[in-house]
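Down below is the structure, laid out as structure tokens.
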Amino acid sequence: MRIYWIKAQAPRRVLATVKHLGIDAECIEMDLMGGALKAPDYAALNPNMKAPTLVDGDMALWESSAIMAYLCIKKGSDMWPANDPSEQVEVLRWLSWNDGHWAPAVGPFYFEHVVKSTFGVGLPDRDSLKEKAPAVLKFGKVLDAHLERRDYVACCRLTIADFQLASMATDWQIAEMPFDTFPNIIRWLNRLARIPAWADPWPAKLPIAA
């Protein structure tokens with residue numbers, strides 16, 4: 001099994017799942033700035049020319065939530081409840097909410113403060129984020145209320161929904177996300193930070209694939 005990745009939020013949650021479940025996979029870091037994701041051989045695996053991509057035998061799989069579910073099925077982990085349709089629906093609800101509401105709200109903060117710094121593409125444009133704050137407050141209120149008496153997002157245990165929602169928000173302080181009025185979100189993120197695989201999901205540094 002091979003997993004192609006860059007140092008970004010979607011690969012982070014896949015790599016954390018790999019490490020948390022103890023899966024033996026070859027993790028290949030791609031040279032984003034060098035154009036590795038646009039190379040014909042990689043585009044043949046992932047026509048979106050993004051990361052992560054999982055290759056297992058003859059199968060190439062992209063989209064991080066699908067990859068996480070696949071890894072859980074391979075390992076027999078209930079982080080993806082493969083044998084419980086009602087729990088599947090609950091996890092899917094939060095995966096969908098993340099992609100439709102939460103990620104678009106917190107994403108600009110993540111990009112300006114984390115992505116730009118990681119790839120050396122400029123300083124954060126704080127002025128551009130002023131108009132983005134209301135969306136964070138709107139959807140943060142939803143998540144904070146949901147977590148009021150919960151330790152995890154779904155199914156009363158750690159699932160791939162936690163990794164999905166936390167991937168952009170986990171660096172909320174660095175990203176200057178307005179979470180100060182969301183104590184339950186902060187408590188949830190702090191709990192996830194105590195999971196070794198989530199705190200440090202990145203593979204050992206190897207030569208980057210061009």
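Residue numbers start at 1 in each chain; chains themselves are named A, B, ... in the order of the structure tokens; ligands are numbered from 1 in the order shown.
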Next on the checklist: So that I can check the surroundings of Ala69 in chain A, please list as a list of chain:residue names every protein, DNA and RNA residue that reaches within 6 Å of it, counting only C-alpha atoms and ignoring chain neighbours fewer than 3 positions away.
Outcome noted: A:Ala66, A:Cys72, A:Trp80
Next on the checklist: I need the residues in range 76-196 of chain A that are helix (DSSP H, G or I) according to DSSP; give them as a VMD selection string.
Outcome noted: chain A and resid 85 to 119 126 to 146 160 to 169 183 to 193 196
Once you have the residues from the selection above, write them out as a short mmCIF file (atom, residue, chain, number, x, y, z; two decimals), in the first residue's frame, restricted to C-alpha atoms.
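Generated file (selection_39.cif):
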```cif
data_model
loop_
_atom_site.label_atom_id
_atom_site.label_comp_id
_atom_site.auth_asym_id
_atom_site.auth_seq_id
_atom_site.Cartn_x
_atom_site.Cartn_y
_atom_site.Cartn_z
CA PRO A 85 -25.78 1.70 9.02
CA SER A 86 -27.20 4.06 11.64
CA GLU A 87 -23.71 5.00 12.81
CA GLN A 88 -22.57 5.34 9.21
CA VAL A 89 -25.29 7.92 8.65
CA GLU A 90 -24.19 9.83 11.75
CA VAL A 91 -20.57 9.94 10.62
CA LEU A 92 -21.62 10.87 7.08
CA ARG A 93 -23.70 13.74 8.42
CA TRP A 94 -20.61 15.31 9.98
CA LEU A 95 -18.35 14.56 7.04
CA SER A 96 -20.87 16.35 4.83
CA TRP A 97 -21.25 19.23 7.30
CA ASN A 98 -17.50 19.67 7.31
CA ASP A 99 -17.23 19.79 3.54
CA GLY A 100 -20.27 22.00 3.05
CA HIS A 101 -19.98 24.41 5.98
CA TRP A 102 -17.10 24.03 8.43
CA ALA A 103 -14.13 23.69 6.07
CA PRO A 104 -15.21 26.63 3.87
CA ALA A 105 -15.58 28.75 7.03
CA VAL A 106 -12.24 27.98 8.69
CA GLY A 107 -10.35 27.28 5.46
CA PRO A 108 -9.41 30.90 4.67
CA PHE A 109 -7.77 31.27 8.10
CA TYR A 110 -5.94 27.98 7.61
CA PHE A 111 -4.73 29.06 4.19
CA GLU A 112 -3.53 32.50 5.19
CA HIS A 113 -1.69 31.43 8.34
CA VAL A 114 -0.69 27.78 7.79
CA VAL A 115 -0.56 27.00 4.08
CA LYS A 116 1.25 30.20 3.14
CA SER A 117 3.82 29.64 5.87
CA THR A 118 4.29 25.93 5.07
CA PHE A 119 4.96 26.48 1.38
CA ARG A 126 -5.34 39.52 7.81
CA ASP A 127 -7.52 42.19 6.24
CA SER A 128 -9.06 39.65 3.88
CA LEU A 129 -10.09 37.51 6.87
CA LYS A 130 -12.23 40.14 8.55
CA GLU A 131 -15.19 39.37 6.30
CA LYS A 132 -14.65 35.62 6.82
CA ALA A 133 -15.08 35.69 10.60
CA PRO A 134 -18.93 35.67 10.62
CA ALA A 135 -19.02 32.25 8.94
CA VAL A 136 -16.63 30.83 11.57
CA LEU A 137 -18.83 32.23 14.32
CA LYS A 138 -22.01 30.92 12.70
CA PHE A 139 -20.86 27.35 12.23
CA GLY A 140 -18.61 27.34 15.29
CA LYS A 141 -21.73 27.96 17.34
CA VAL A 142 -23.31 24.83 15.83
CA LEU A 143 -20.31 22.63 16.57
CA ASP A 144 -19.71 24.05 20.03
CA ALA A 145 -23.33 23.39 21.04
CA HIS A 146 -23.11 19.84 19.67
CA ILE A 160 -12.98 9.64 11.08
CA ALA A 161 -15.41 12.55 11.52
CA ASP A 162 -13.20 13.92 14.30
CA PHE A 163 -10.12 13.83 12.09
CA GLN A 164 -12.06 15.38 9.21
CA LEU A 165 -13.40 18.33 11.21
CA ALA A 166 -10.23 18.92 13.21
CA SER A 167 -7.77 18.92 10.34
CA MET A 168 -8.02 22.64 9.53
CA ALA A 169 -9.05 23.75 13.02
CA PRO A 183 -14.91 26.34 24.96
CA ASN A 184 -16.28 22.98 23.82
CA ILE A 185 -14.49 23.12 20.49
CA ILE A 186 -11.24 24.01 22.27
CA ARG A 187 -11.74 21.16 24.76
CA TRP A 188 -12.38 18.72 21.87
CA LEU A 189 -9.31 19.87 19.97
CA ASN A 190 -7.18 19.60 23.11
CA ARG A 191 -8.43 16.05 23.63
CA LEU A 192 -7.47 15.10 20.07
CA ALA A 193 -4.05 16.68 20.58
CA PRO A 196 -0.07 10.66 19.55
#
```
Next on the checklist: What's around range 10-18 of chain A at 8 Å? Count only C-alpha atoms, leave out sequence neighbours fewer than 5 positions away in its own chain, and write the answer as a PyMOL selection string.
Outcome noted: chain A and resi 5+23-25+51-52+64-65+67-68+71+160+163-164+167+197-198+200-203
Mind writing the picked residues with N, CA and C atoms as a PDB file, in the first residue's frame?
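Once everything was written out, this is part-v7.pdb:
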```
ATOM      1  N   TRP A   5       1.369  12.036  -0.393  1.00  0.00           N
ATOM      2  CA  TRP A   5       0.909  13.112   0.487  1.00  0.00           C
ATOM      3  C   TRP A   5       1.741  14.377   0.310  1.00  0.00           C
ATOM      4  N   ILE A  23      -1.123   0.876  10.533  1.00  0.00           N
ATOM      5  CA  ILE A  23      -1.147   0.301   9.185  1.00  0.00           C
ATOM      6  C   ILE A  23       0.224   0.424   8.541  1.00  0.00           C
ATOM      7  N   ASP A  24       0.657  -0.643   7.912  1.00  0.00           N
ATOM      8  CA  ASP A  24       1.940  -0.655   7.212  1.00  0.00           C
ATOM      9  C   ASP A  24       1.727  -0.101   5.808  1.00  0.00           C
ATOM     10  N   ALA A  25       2.185   1.111   5.571  1.00  0.00           N
ATOM     11  CA  ALA A  25       2.019   1.750   4.270  1.00  0.00           C
ATOM     12  C   ALA A  25       3.280   2.524   3.933  1.00  0.00           C
ATOM     13  N   ALA A  51      -3.592  15.818  -3.399  1.00  0.00           N
ATOM     14  CA  ALA A  51      -3.198  14.766  -2.462  1.00  0.00           C
ATOM     15  C   ALA A  51      -4.134  14.839  -1.258  1.00  0.00           C
ATOM     16  N   PRO A  52      -4.374  13.664  -0.644  1.00  0.00           N
ATOM     17  CA  PRO A  52      -3.677  12.395  -0.772  1.00  0.00           C
ATOM     18  C   PRO A  52      -4.284  11.487  -1.846  1.00  0.00           C
ATOM     19  N   SER A  64      -9.937  12.186   0.938  1.00  0.00           N
ATOM     20  CA  SER A  64      -9.427  11.755   2.238  1.00  0.00           C
ATOM     21  C   SER A  64     -10.449  10.986   3.060  1.00  0.00           C
ATOM     22  N   SER A  65     -11.711  11.393   3.026  1.00  0.00           N
ATOM     23  CA  SER A  65     -12.709  10.675   3.827  1.00  0.00           C
ATOM     24  C   SER A  65     -12.892   9.246   3.319  1.00  0.00           C
ATOM     25  N   ILE A  67     -10.575   7.515   1.748  1.00  0.00           N
ATOM     26  CA  ILE A  67      -9.349   6.789   2.093  1.00  0.00           C
ATOM     27  C   ILE A  67      -9.379   6.377   3.563  1.00  0.00           C
ATOM     28  N   MET A  68      -9.799   7.287   4.444  1.00  0.00           N
ATOM     29  CA  MET A  68      -9.871   6.934   5.860  1.00  0.00           C
ATOM     30  C   MET A  68     -10.838   5.777   6.095  1.00  0.00           C
ATOM     31  N   LEU A  71      -9.182   2.564   4.961  1.00  0.00           N
ATOM     32  CA  LEU A  71      -8.176   2.101   5.912  1.00  0.00           C
ATOM     33  C   LEU A  71      -8.818   1.431   7.129  1.00  0.00           C
ATOM     34  N   ILE A 160     -13.627   8.849  12.117  1.00  0.00           N
ATOM     35  CA  ILE A 160     -12.981   9.641  11.079  1.00  0.00           C
ATOM     36  C   ILE A 160     -13.610  11.028  10.973  1.00  0.00           C
ATOM     37  N   PHE A 163     -11.309  13.465  12.854  1.00  0.00           N
ATOM     38  CA  PHE A 163     -10.125  13.834  12.091  1.00  0.00           C
ATOM     39  C   PHE A 163     -10.485  14.766  10.944  1.00  0.00           C
ATOM     40  N   GLN A 164     -11.642  14.529  10.332  1.00  0.00           N
ATOM     41  CA  GLN A 164     -12.057  15.377   9.212  1.00  0.00           C
ATOM     42  C   GLN A 164     -12.288  16.825   9.681  1.00  0.00           C
ATOM     43  N   SER A 167      -8.997  18.795  11.111  1.00  0.00           N
ATOM     44  CA  SER A 167      -7.768  18.924  10.335  1.00  0.00           C
ATOM     45  C   SER A 167      -7.384  20.367  10.052  1.00  0.00           C
ATOM     46  N   ALA A 197      -0.920   9.939  17.384  1.00  0.00           N
ATOM     47  CA  ALA A 197      -0.946   9.927  15.919  1.00  0.00           C
ATOM     48  C   ALA A 197      -1.511  11.217  15.353  1.00  0.00           C
ATOM     49  N   TRP A 198      -2.403  11.859  16.110  1.00  0.00           N
ATOM     50  CA  TRP A 198      -2.950  13.131  15.652  1.00  0.00           C
ATOM     51  C   TRP A 198      -1.969  14.267  15.936  1.00  0.00           C
ATOM     52  N   ASP A 200       1.233  14.142  15.984  1.00  0.00           N
ATOM     53  CA  ASP A 200       2.374  14.085  15.064  1.00  0.00           C
ATOM     54  C   ASP A 200       2.106  13.017  14.002  1.00  0.00           C
ATOM     55  N   PRO A 201       1.329  13.355  12.978  1.00  0.00           N
ATOM     56  CA  PRO A 201       0.974  12.366  11.967  1.00  0.00           C
ATOM     57  C   PRO A 201       2.001  12.198  10.863  1.00  0.00           C
ATOM     58  N   TRP A 202       2.972  13.112  10.788  1.00  0.00           N
ATOM     59  CA  TRP A 202       3.843  13.153   9.608  1.00  0.00           C
ATOM     60  C   TRP A 202       4.873  12.040   9.630  1.00  0.00           C
ATOM     61  N   PRO A 203       5.090  11.385   8.496  1.00  0.00           N
ATOM     62  CA  PRO A 203       6.101  10.327   8.428  1.00  0.00           C
ATOM     63  C   PRO A 203       7.507  10.883   8.617  1.00  0.00           C
TER      64      PRO A 203
END
```
Can you tell me which residues surround Tyr42 in chain A at a distance of at most 10 Å, considering only C-alpha atoms, apart from same-chain residues fewer than 5 positions away, and format the answer as an mmCIF file with N, CA and C atoms, in the first residue's frame?
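Writing the result to selection_6.cif gives the following:
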```cif
data_model
loop_
_atom_site.group_PDB
_atom_site.id
_atom_site.type_symbol
_atom_site.label_atom_id
_atom_site.label_comp_id
_atom_site.auth_asym_id
_atom_site.auth_seq_id
_atom_site.Cartn_x
_atom_site.Cartn_y
_atom_site.Cartn_z
ATOM 1 N N TYR A 4 0.344 8.803 -1.179
ATOM 2 C CA TYR A 4 1.024 9.996 -1.652
ATOM 3 C C TYR A 4 0.463 11.198 -0.887
ATOM 4 N N MET A 30 5.110 14.250 -1.796
ATOM 5 C CA MET A 30 5.199 14.799 -3.140
ATOM 6 C C MET A 30 5.711 16.236 -3.103
ATOM 7 N N ALA A 36 4.970 18.051 -8.777
ATOM 8 C CA ALA A 36 4.847 16.592 -8.799
ATOM 9 C C ALA A 36 3.397 16.121 -8.952
ATOM 10 N N LEU A 37 2.455 16.902 -8.429
ATOM 11 C CA LEU A 37 1.056 16.470 -8.508
ATOM 12 C C LEU A 37 0.505 16.576 -9.929
ATOM 13 N N PRO A 47 -6.873 12.127 -11.037
ATOM 14 C CA PRO A 47 -7.090 13.126 -12.088
ATOM 15 C C PRO A 47 -7.322 14.531 -11.550
ATOM 16 N N ASN A 48 -7.603 14.656 -10.246
ATOM 17 C CA ASN A 48 -7.724 15.977 -9.631
ATOM 18 C C ASN A 48 -6.366 16.638 -9.426
ATOM 19 N N MET A 49 -5.310 15.818 -9.494
ATOM 20 C CA MET A 49 -3.934 16.285 -9.287
ATOM 21 C C MET A 49 -3.788 16.957 -7.916
ATOM 22 N N LYS A 50 -4.373 16.282 -6.910
ATOM 23 C CA LYS A 50 -4.259 16.727 -5.531
ATOM 24 C C LYS A 50 -3.809 15.553 -4.679
ATOM 25 N N ALA A 51 -3.592 15.818 -3.399
ATOM 26 C CA ALA A 51 -3.198 14.766 -2.462
ATOM 27 C C ALA A 51 -4.134 14.839 -1.258
ATOM 28 N N THR A 53 -3.488 10.492 -2.198
ATOM 29 C CA THR A 53 -3.951 9.379 -3.023
ATOM 30 C C THR A 53 -3.434 8.099 -2.392
#
```
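The spacing separating CA of Ser77 in chain A from CA of Arg157 in chain A amounts to 11.7 Å.
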